[in-house]
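*Asks:* I am attaching a structure below and will ask some questions about it afterwards.
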Amino acid sequence: MHRYYGFLDVSYCFLLVNLCQVIESVGSPKSHCPPLPLLKYTIFNILTPTFLLDQIPDLLTLLGHVNLMRKHAISKTSTMLLWNDYYRQNPSATIRTLEDDDERRLRQFVSQSNKMQQLYTTIVNTCYQIDIHHSFLSPDPMVVQPRLDMYFPGQFSEASIEGEDRTRLTQCLASSRHLFHHDLSEEERLENIATGERCREFICEAGLYLEDPNAYCAMNGLLQRTEFDALFPAPDTSAVVHSIERYLQKVEFQVRTLSMMFGTGSHYAA
């Protein structure tokens with residue numbers, strides 16, 4: 001792997017992998033922008049040794065920071081590769097292009113970006129469901145509604161989600177100030193809405209069961225005294241913890257590789 005301190009002497013090829021600059025670009029205070037190692041440390045304090053379910057909103061915000069940094073780095077890498085292609089076709093004595101192995105590695109990062117985003121989106125939607133299940137069973141009945149409003153803005157009002165209302169809900173997500181809603185694609189917004197509907201179904205059905213377990217079982221053709229956990233099992237927290245660990249490992253590897261190649265002290269690195 002080579003360092004490219006003077007690579008492509010053009011300002012828009014800067015590799016900005018510093019988290020503070022990324023978050024600042026979307027309007028968050030710079031003082032609230034810790035670097036990736038600190039984000040990772042804080043995330044793992046929530047996940048291990050025991051997953052602190054009450055801290056899921058904080059976990060999602062931290063993961064939102066990480067994903068924003070990842071997407072920004074991939075965007076800059078894509079631009080860099082375009083200029084690399086240009087100077088391969090139009091050589092210049094003052095411009096150094098990428099070595100083949102390094103170019104291949106960067107292209108792999110870009111090609112993996114969609115899968116990384118899918119993994120991130122799956123993690124976020126799973127965390128929503130874990131938190132709603134956990135909050136529903138909390139001794140404090142006032143916990144659930146704020147969580148629903150946070151994760152699914154506009155969805156748990158009196159309005160329906162059919163037709164024009166679905167468009168309204170995607171607009172609510174687009175205007176949300178929560179980082180885990182930032183820069184979602186249309187497909188991801190619809191997936192967010194679908195997760196909200198699954199949470200709605202859980203709350204309705206679980207609520208009916210708790211009002212009268214025997215009546216609920218009889219109405220649904222179930223054995224009497226069927227336990228709540230058998231009907232409404234908690235989402236698998238160990239699986240989502242594993243997914244988060246895998247996601248962070250991949251992001252950390254990408255950022256570390258880019259930092260090694262372009263140098264945090266160079267004129268073209270953050």
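A note on labels: chains of the structure tokens are A, B, ... as shown, every chain counts residues from 1, and ligands are counted from 1 in their shown order.
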Which polymer residues have any atom within 12 Å of an atom of Asp236 (chain A), counting only C-alpha atoms, with same-chain residues fewer than 6 positions away left out, as an mmCIF file with N, CA and C atoms, in the first residue's frame?
*Replies:*
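This went into part.cif:
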data_model
loop_
_atom_site.group_PDB
_atom_site.id
_atom_site.type_symbol
_atom_site.label_atom_id
_atom_site.label_comp_id
_atom_site.auth_asym_id
_atom_site.auth_seq_id
_atom_site.Cartn_x
_atom_site.Cartn_y
_atom_site.Cartn_z
ATOM 1 N N PHE A 51 -26.239 -5.694 26.454
ATOM 2 C CA PHE A 51 -26.863 -4.697 25.594
ATOM 3 C C PHE A 51 -27.793 -3.830 26.447
ATOM 4 N N ILE A 123 -29.793 -2.946 10.447
ATOM 5 C CA ILE A 123 -29.471 -2.752 11.863
ATOM 6 C C ILE A 123 -30.413 -1.731 12.489
ATOM 7 N N THR A 126 -34.005 -3.040 12.828
ATOM 8 C CA THR A 126 -34.069 -4.064 13.872
ATOM 9 C C THR A 126 -34.012 -3.425 15.254
ATOM 10 N N CYS A 127 -33.165 -2.412 15.406
ATOM 11 C CA CYS A 127 -33.078 -1.714 16.695
ATOM 12 C C CYS A 127 -34.393 -1.019 17.039
ATOM 13 N N GLN A 129 -37.358 -2.111 16.348
ATOM 14 C CA GLN A 129 -38.279 -3.145 16.834
ATOM 15 C C GLN A 129 -37.875 -3.651 18.216
ATOM 16 N N ILE A 130 -36.575 -3.789 18.442
ATOM 17 C CA ILE A 130 -36.106 -4.205 19.767
ATOM 18 C C ILE A 130 -36.533 -3.184 20.818
ATOM 19 N N ASP A 131 -36.352 -1.908 20.497
ATOM 20 C CA ASP A 131 -36.662 -0.861 21.471
ATOM 21 C C ASP A 131 -38.161 -0.761 21.733
ATOM 22 N N HIS A 133 -40.397 -3.168 21.449
ATOM 23 C CA HIS A 133 -40.764 -4.348 22.243
ATOM 24 C C HIS A 133 -40.361 -4.145 23.699
ATOM 25 N N HIS A 134 -39.140 -3.668 23.906
ATOM 26 C CA HIS A 134 -38.638 -3.431 25.263
ATOM 27 C C HIS A 134 -39.439 -2.333 25.966
ATOM 28 N N HIS A 242 -24.061 -8.703 16.709
ATOM 29 C CA HIS A 242 -23.084 -9.258 15.764
ATOM 30 C C HIS A 242 -23.042 -8.431 14.479
ATOM 31 N N SER A 243 -24.203 -8.020 13.987
ATOM 32 C CA SER A 243 -24.257 -7.217 12.759
ATOM 33 C C SER A 243 -23.578 -5.865 12.959
#
*Asks:* Within 10 Å of Arg200 (chain A), counting only C-alpha atoms, which residues qualify if same-chain residues fewer than 4 places away don't, as a list of chain:residue names?
*Replies:*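 Neighbouring residues, sequence-local ones excluded: A:Ile132, A:Leu148, A:Gln155, A:Phe156, A:Ala194, A:Thr195, A:Gly196, A:Cys204, A:Glu205, A:Ala206.
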*Asks:* Those residues with C-alpha atoms, as a CSV table (one decimal), in the first residue's frame please?
*Replies:*
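Once written, part.csv looks like this:
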chain,number,residue,atom,x,y,z
A,132,ILE,CA,-40.4,-0.8,20.9
A,148,LEU,CA,-42.7,5.8,18.2
A,155,GLN,CA,-46.9,7.7,11.5
A,156,PHE,CA,-48.6,7.3,14.8
A,194,ALA,CA,-43.1,-0.7,7.0
A,195,THR,CA,-41.1,-1.3,10.2
A,196,GLY,CA,-43.5,1.2,11.9
A,204,CYS,CA,-52.1,-3.8,19.1
A,205,GLU,CA,-51.9,-7.6,19.4
A,206,ALA,CA,-49.8,-7.6,22.5
*Asks:* Go through A:Thr170, A:Thr226, A:Thr237, A:Thr97 and flag the residue nearest Ser185 (chain A), using only C-alpha atoms for the distances.
*Replies:*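 Of A:Thr170, A:Thr226, A:Thr237, A:Thr97, the one nearest Ser185 (chain A), counting only C-alpha atoms, is A:Thr170.
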*Asks:* Name the closest residue to Leu119 (chain A) among the candidates A:Tyr247, A:Phe136, A:Phe253, A:Phe44; distances are taken between atoms, counting only C-alpha atoms.
*Replies:*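 Residue with the minimum atom-to-atom distance to Leu119 (chain A): A:Tyr247.
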*Asks:* Which residues, written as an NGL selection string, have at least one atom at most 12 Å from region 214-218 of chain A, with only C-alpha atoms counted and residues fewer than 3 positions away on the same chain left out?
*Replies:* :A and (204-211 or 221-228 or 230-231)
*Asks:* Asp102 (chain A): which residues within 12 Å, counting only C-alpha atoms, same-chain residues fewer than 3 positions away excluded, as an MDAnalysis selection string?
*Replies:* chainID A and resid 1:4 77 81 84 97:99 105:109 257:258 260:262
